[in-house]
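This report refers to the structure that appears directly beneath it.
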Amino acid sequence: MAHSVRCISKDGTLFVMAADTTDIVETARRLHHTSKVCSAALGRLLTGCSFMGQLLKGNDDTVTLRVKGGGEAGVVVAVADSDGNVKGYIENPNVELPLNSKGKLDVGGAVGKDGYITVMRDLGLKEPYIGQTPLVSGEIAEDITAYYAMSEQTPTVCALGVLVNPDLTIAVAGGFMVQLLPTADSEAIDRVEKCIQDIPAVTTMLAEGLTPLDICRKVLSEFELEQLDESFPEYRCDCSRDRVARALVTLGKEELLSMAQDEFTEVNCHFCNKKYKFTPAEIKALAKS
């Protein structure tokens with residue numbers, strides 16, 4: 001089960017959250033049959049999106065992250081609710097690339113950096129809030145950090161990691177995110193920079209058995225932290241036959257009548273790969289509606 005913890009410093013200058021999302025990323029790997037580098041790319045985005053979901057205020061709010069960098073992996077998408085439950089997909093899940101110059105999975109190479117990260121928050125209003133910034137590296141964590149700095153003017157440190165076993169299963173996955181609050185001064189910024197200067201990789205800390213709370217304390221060793229809450233998010237797809245039917249209606253009467261000529265219509269959910277079949281009679285009924 002994934003595990004997420006949120007803390008605030010006792011001096012009220014910053015907020016930090018950390019999570020072990022191994023189960024979430026393993027579920028995504030099984031659903032999408034991803035290669036090593038695609039598991040890392042999708043897993044990082046799922047973890048980052050879960051963090052951003054937990055920052056939403058309303059119970060029915062959702063946030064969608066979309067990364068399009070021009071790389072072979074294509075578009076990567078993740079959607080989270082306010083509890084941090086998340087789902088996602090990667091357009092081309094079987095990309096294989098050599099390790100990068102640091103001997104790591106080349107997520108930036110698979111995703112590309114000639115494009116944008118788009119953040120869409122659905123807050124139950126007439127129109128969703130949409131922010132978009134250019135990709136910095138395609139490595140996901142750096143791009144989320146840059147998004148917060150450029151689009152929301154919120155000083156943020158984001159670190160995400162996925163360690164893949166030789167048999168392609170997920171060994172560990174998770175991350176942490178630090179955000180400075182408006183009360184933070186230059187001294188607090190200096191202390192944060194000192195803390196994170198030599199911090200181990202997220203996957204190293206998780207592999208050593210550190211819990212999300214341990215990671216929060218290790219990342220911000222110069223600060224006294226108070227735990228705000230903890231949660232146990234999961235990979236959760238909320239697709240249903242009724243949702244798919246409503247989506248089909250948006251295609252319009254003419255297109256639906258054309259589809260009704262086929263023996264049956266099959267719709268595949270991008271997020272969980274569940275298949276929904278509709279008969280010609282059902283498609284005609286949708287066209288009438």
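Every chain in the structure tokens takes a letter, A first, then B, and so on in the order presented; its residues are numbered from 1, and the ligands are numbered from 1 following the presented order.
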Set the distance at 9 Å and use only C-alpha atoms: which residues neighbour range 82-95 of chain A once local chain neighbours fewer than 4 positions away are removed? I'd like the list as an MDAnalysis selection string. chainID A and resid 4 24 28 32:39 41:43 45:47 49:63 72:78 110 231:238 270:272
Could you dump the residues just selected with C-alpha atoms as a CSV table (one decimal), in the first residue's frame?
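Contents of result_30.csv, as written:
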chain,number,residue,atom,x,y,z
A,4,SER,CA,2.1,9.6,2.1
A,24,ILE,CA,0.9,2.7,-7.3
A,28,ALA,CA,0.6,1.2,-13.5
A,32,HIS,CA,0.4,-0.6,-19.2
A,33,HIS,CA,3.2,-3.2,-19.7
A,34,THR,CA,5.8,-0.5,-19.6
A,35,SER,CA,9.6,-0.8,-20.3
A,36,LYS,CA,12.0,0.2,-17.6
A,37,VAL,CA,12.4,3.8,-18.8
A,38,CYS,CA,8.7,4.2,-19.4
A,39,SER,CA,7.9,2.8,-15.9
A,41,ALA,CA,8.7,8.3,-16.5
A,42,LEU,CA,5.1,7.4,-15.8
A,43,GLY,CA,5.9,6.5,-12.1
A,45,LEU,CA,4.6,11.7,-13.0
A,46,LEU,CA,2.1,9.6,-11.0
A,47,THR,CA,3.9,10.4,-7.7
A,49,CYS,CA,0.5,14.3,-9.5
A,50,SER,CA,-0.5,12.5,-6.3
A,51,PHE,CA,1.4,15.2,-4.3
A,52,MET,CA,-0.4,18.0,-6.2
A,53,GLY,CA,-3.7,16.3,-5.7
A,54,GLN,CA,-3.2,16.3,-2.0
A,55,LEU,CA,-2.8,20.1,-2.1
A,56,LEU,CA,-6.3,20.5,-3.5
A,57,LYS,CA,-8.9,22.0,-1.2
A,58,GLY,CA,-12.2,20.6,-2.4
A,59,ASN,CA,-13.2,16.9,-2.0
A,60,ASP,CA,-14.3,16.7,-5.6
A,61,ASP,CA,-11.3,18.6,-7.1
A,62,THR,CA,-8.9,17.0,-9.5
A,63,VAL,CA,-5.6,17.8,-11.0
A,72,GLU,CA,9.8,8.6,-28.3
A,73,ALA,CA,7.6,7.9,-25.2
A,74,GLY,CA,5.0,10.4,-26.5
A,75,VAL,CA,2.5,12.1,-24.2
A,76,VAL,CA,2.5,11.2,-20.5
A,77,VAL,CA,-0.6,11.9,-18.4
A,78,ALA,CA,-1.6,11.6,-14.8
A,110,ALA,CA,12.4,9.1,-23.5
A,231,SER,CA,-2.7,9.0,3.8
A,232,PHE,CA,-2.6,5.8,1.8
A,233,PRO,CA,-3.3,6.7,-1.8
A,234,GLU,CA,-3.8,4.1,-4.5
A,235,TYR,CA,-3.9,3.7,-8.3
A,236,ARG,CA,-7.6,4.3,-8.9
A,237,CYS,CA,-9.4,4.5,-12.2
A,238,ASP,CA,-13.0,5.7,-12.0
A,270,HIS,CA,-6.5,4.7,-21.5
A,271,PHE,CA,-5.9,4.5,-17.7
A,272,CYS,CA,-6.8,0.9,-16.8
Got a sec to tell me which of range 37-160 of chain A DSSP assigns to helix (DSSP H, G or I), as a PDB file with N, CA and C atoms, in the first residue's frame?
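Full text of selection.pdb as output:
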ATOM      1  N   VAL A  37      12.390   2.339 -18.732  1.00  0.00           N
ATOM      2  CA  VAL A  37      12.441   3.802 -18.764  1.00  0.00           C
ATOM      3  C   VAL A  37      11.039   4.392 -18.757  1.00  0.00           C
ATOM      4  N   CYS A  38      10.068   3.702 -19.359  1.00  0.00           N
ATOM      5  CA  CYS A  38       8.691   4.211 -19.353  1.00  0.00           C
ATOM      6  C   CYS A  38       8.043   4.032 -17.986  1.00  0.00           C
ATOM      7  N   SER A  39       8.410   2.966 -17.268  1.00  0.00           N
ATOM      8  CA  SER A  39       7.938   2.814 -15.887  1.00  0.00           C
ATOM      9  C   SER A  39       8.439   3.972 -15.031  1.00  0.00           C
ATOM     10  N   ALA A  40       9.704   4.361 -15.255  1.00  0.00           N
ATOM     11  CA  ALA A  40      10.283   5.466 -14.489  1.00  0.00           C
ATOM     12  C   ALA A  40       9.596   6.782 -14.822  1.00  0.00           C
ATOM     13  N   ALA A  41       9.356   7.029 -16.106  1.00  0.00           N
ATOM     14  CA  ALA A  41       8.719   8.286 -16.518  1.00  0.00           C
ATOM     15  C   ALA A  41       7.295   8.383 -15.983  1.00  0.00           C
ATOM     16  N   LEU A  42       6.503   7.333 -16.218  1.00  0.00           N
ATOM     17  CA  LEU A  42       5.117   7.353 -15.752  1.00  0.00           C
ATOM     18  C   LEU A  42       5.060   7.351 -14.235  1.00  0.00           C
ATOM     19  N   GLY A  43       5.930   6.574 -13.595  1.00  0.00           N
ATOM     20  CA  GLY A  43       5.933   6.500 -12.132  1.00  0.00           C
ATOM     21  C   GLY A  43       6.253   7.834 -11.481  1.00  0.00           C
ATOM     22  N   ARG A  44       7.220   8.539 -12.038  1.00  0.00           N
ATOM     23  CA  ARG A  44       7.540   9.860 -11.491  1.00  0.00           C
ATOM     24  C   ARG A  44       6.363  10.814 -11.622  1.00  0.00           C
ATOM     25  N   LEU A  45       5.711  10.800 -12.787  1.00  0.00           N
ATOM     26  CA  LEU A  45       4.585  11.715 -12.984  1.00  0.00           C
ATOM     27  C   LEU A  45       3.419  11.346 -12.072  1.00  0.00           C
ATOM     28  N   LEU A  46       3.165  10.063 -11.884  1.00  0.00           N
ATOM     29  CA  LEU A  46       2.097   9.634 -10.985  1.00  0.00           C
ATOM     30  C   LEU A  46       2.359  10.118  -9.560  1.00  0.00           C
ATOM     31  N   THR A  47       3.594  10.004  -9.101  1.00  0.00           N
ATOM     32  CA  THR A  47       3.934  10.435  -7.745  1.00  0.00           C
ATOM     33  C   THR A  47       3.792  11.943  -7.601  1.00  0.00           C
ATOM     34  N   GLY A  48       4.328  12.690  -8.560  1.00  0.00           N
ATOM     35  CA  GLY A  48       4.216  14.147  -8.513  1.00  0.00           C
ATOM     36  C   GLY A  48       2.772  14.601  -8.559  1.00  0.00           C
ATOM     37  N   CYS A  49       1.967  13.942  -9.388  1.00  0.00           N
ATOM     38  CA  CYS A  49       0.549  14.306  -9.499  1.00  0.00           C
ATOM     39  C   CYS A  49      -0.193  13.992  -8.204  1.00  0.00           C
ATOM     40  N   SER A  50       0.167  12.872  -7.558  1.00  0.00           N
ATOM     41  CA  SER A  50      -0.451  12.538  -6.273  1.00  0.00           C
ATOM     42  C   SER A  50      -0.169  13.626  -5.244  1.00  0.00           C
ATOM     43  N   PHE A  51       1.071  14.122  -5.222  1.00  0.00           N
ATOM     44  CA  PHE A  51       1.413  15.233  -4.328  1.00  0.00           C
ATOM     45  C   PHE A  51       0.524  16.443  -4.606  1.00  0.00           C
ATOM     46  N   MET A  52       0.405  16.802  -5.878  1.00  0.00           N
ATOM     47  CA  MET A  52      -0.372  17.990  -6.237  1.00  0.00           C
ATOM     48  C   MET A  52      -1.852  17.792  -5.955  1.00  0.00           C
ATOM     49  N   GLY A  53      -2.327  16.557  -6.066  1.00  0.00           N
ATOM     50  CA  GLY A  53      -3.715  16.280  -5.726  1.00  0.00           C
ATOM     51  C   GLY A  53      -3.994  16.518  -4.250  1.00  0.00           C
ATOM     52  N   GLN A  54      -3.041  16.124  -3.405  1.00  0.00           N
ATOM     53  CA  GLN A  54      -3.228  16.292  -1.965  1.00  0.00           C
ATOM     54  C   GLN A  54      -3.202  17.761  -1.535  1.00  0.00           C
ATOM     55  N   VAL A 107      15.107   9.005 -18.576  1.00  0.00           N
ATOM     56  CA  VAL A 107      13.728   9.485 -18.630  1.00  0.00           C
ATOM     57  C   VAL A 107      13.628  10.735 -19.504  1.00  0.00           C
ATOM     58  N   GLY A 108      14.583  11.650 -19.346  1.00  0.00           N
ATOM     59  CA  GLY A 108      14.574  12.867 -20.149  1.00  0.00           C
ATOM     60  C   GLY A 108      14.677  12.571 -21.631  1.00  0.00           C
ATOM     61  N   GLY A 109      15.450  11.548 -21.979  1.00  0.00           N
ATOM     62  CA  GLY A 109      15.571  11.167 -23.380  1.00  0.00           C
ATOM     63  C   GLY A 109      14.289  10.568 -23.915  1.00  0.00           C
ATOM     64  N   ALA A 110      13.610   9.761 -23.104  1.00  0.00           N
ATOM     65  CA  ALA A 110      12.361   9.134 -23.533  1.00  0.00           C
ATOM     66  C   ALA A 110      11.232  10.151 -23.651  1.00  0.00           C
ATOM     67  N   VAL A 111      11.151  11.053 -22.674  1.00  0.00           N
ATOM     68  CA  VAL A 111      10.084  12.056 -22.654  1.00  0.00           C
ATOM     69  C   VAL A 111      10.391  13.200 -23.626  1.00  0.00           C
ATOM     70  N   ALA A 141      10.656  15.667 -12.245  1.00  0.00           N
ATOM     71  CA  ALA A 141      10.780  16.394 -10.979  1.00  0.00           C
ATOM     72  C   ALA A 141      11.255  17.828 -11.221  1.00  0.00           C
ATOM     73  N   GLU A 142      12.277  17.993 -12.050  1.00  0.00           N
ATOM     74  CA  GLU A 142      12.788  19.339 -12.355  1.00  0.00           C
ATOM     75  C   GLU A 142      11.724  20.166 -13.061  1.00  0.00           C
ATOM     76  N   ASP A 143      10.902  19.505 -13.863  1.00  0.00           N
ATOM     77  CA  ASP A 143       9.867  20.227 -14.605  1.00  0.00           C
ATOM     78  C   ASP A 143       8.729  20.680 -13.693  1.00  0.00           C
ATOM     79  N   ILE A 144       8.397  19.865 -12.688  1.00  0.00           N
ATOM     80  CA  ILE A 144       7.391  20.269 -11.702  1.00  0.00           C
ATOM     81  C   ILE A 144       7.922  21.424 -10.865  1.00  0.00           C
ATOM     82  N   THR A 145       9.205  21.348 -10.465  1.00  0.00           N
ATOM     83  CA  THR A 145       9.828  22.439  -9.710  1.00  0.00           C
ATOM     84  C   THR A 145       9.771  23.735 -10.509  1.00  0.00           C
ATOM     85  N   ALA A 146      10.112  23.659 -11.795  1.00  0.00           N
ATOM     86  CA  ALA A 146      10.105  24.847 -12.651  1.00  0.00           C
ATOM     87  C   ALA A 146       8.688  25.367 -12.846  1.00  0.00           C
ATOM     88  N   TYR A 147       7.718  24.450 -12.951  1.00  0.00           N
ATOM     89  CA  TYR A 147       6.323  24.883 -13.100  1.00  0.00           C
ATOM     90  C   TYR A 147       5.889  25.745 -11.921  1.00  0.00           C
ATOM     91  N   TYR A 148       6.164  25.254 -10.704  1.00  0.00           N
ATOM     92  CA  TYR A 148       5.763  26.020  -9.520  1.00  0.00           C
ATOM     93  C   TYR A 148       6.462  27.379  -9.478  1.00  0.00           C
ATOM     94  N   ALA A 149       7.726  27.417  -9.870  1.00  0.00           N
ATOM     95  CA  ALA A 149       8.470  28.683  -9.827  1.00  0.00           C
ATOM     96  C   ALA A 149       7.938  29.679 -10.846  1.00  0.00           C
ATOM     97  N   MET A 150       7.671  29.203 -12.067  1.00  0.00           N
ATOM     98  CA  MET A 150       7.289  30.116 -13.148  1.00  0.00           C
ATOM     99  C   MET A 150       5.801  30.421 -13.184  1.00  0.00           C
ATOM    100  N   SER A 151       4.974  29.415 -12.945  1.00  0.00           N
ATOM    101  CA  SER A 151       3.536  29.600 -13.109  1.00  0.00           C
ATOM    102  C   SER A 151       2.836  30.043 -11.829  1.00  0.00           C
TER     103      SER A 151
END
Would you pick out the contacts of range 249-258 of chain A at 9 Å or less, using only C-alpha atoms, so that residues sharing its chain but fewer than 6 positions from it are not included, and give the list as a PDB file with C-alpha atoms, in the first residue's frame?
ATOM      1  CA  PRO A 280     -25.286  -1.185 -32.919  1.00  0.00           C
ATOM      2  CA  ILE A 283     -24.958   3.172 -30.383  1.00  0.00           C
ATOM      3  CA  LYS A 284     -28.196   4.159 -32.211  1.00  0.00           C
ATOM      4  CA  LEU A 286     -26.932   7.150 -27.950  1.00  0.00           C
ATOM      5  CA  ALA A 287     -27.337   8.910 -31.301  1.00  0.00           C
ATOM      6  CA  LYS A 288     -31.002   9.573 -30.519  1.00  0.00           C
ATOM      7  CA  SER A 289     -30.073  11.051 -27.155  1.00  0.00           C
TER       8      SER A 289
END
Residues of range 15-104 of chain A that approach range 165-182 of chain A to 7 Å or less, counting only C-alpha atoms: could you list each one with the shortest pair of atoms and its distance in Å to one decimal, rows by chain and increasing residue number, as a Markdown table?
| residue | atom | partner | partner_atom | distance |
| --- | --- | --- | --- | --- |
| A:Phe15 | CA | A:Gln179 | CA | 5.3 |
| A:Val16 | CA | A:Val178 | CA | 4.4 |
| A:Met17 | CA | A:Met177 | CA | 5.4 |
| A:Ala18 | CA | A:Phe176 | CA | 4.0 |
| A:Ala19 | CA | A:Gly174 | CA | 5.3 |
| A:Asp20 | CA | A:Gly174 | CA | 4.4 |
| A:Thr21 | CA | A:Gly174 | CA | 4.8 |
| A:Thr22 | CA | A:Ala173 | CA | 4.4 |
| A:Val25 | CA | A:Ala173 | CA | 6.9 |
| A:Glu26 | CA | A:Ile170 | CA | 5.4 |
| A:Lys36 | CA | A:Leu168 | CA | 6.1 |
| A:Thr47 | CA | A:Gly174 | CA | 6.3 |
Run DSSP on the backbone and give me the residues of range 89-250 of chain A it puts in strand (DSSP E), as a VMD selection string.
-> chain A and resid 89 to 90 116 to 122 129 to 134 156 to 164 170 to 180 225 to 231
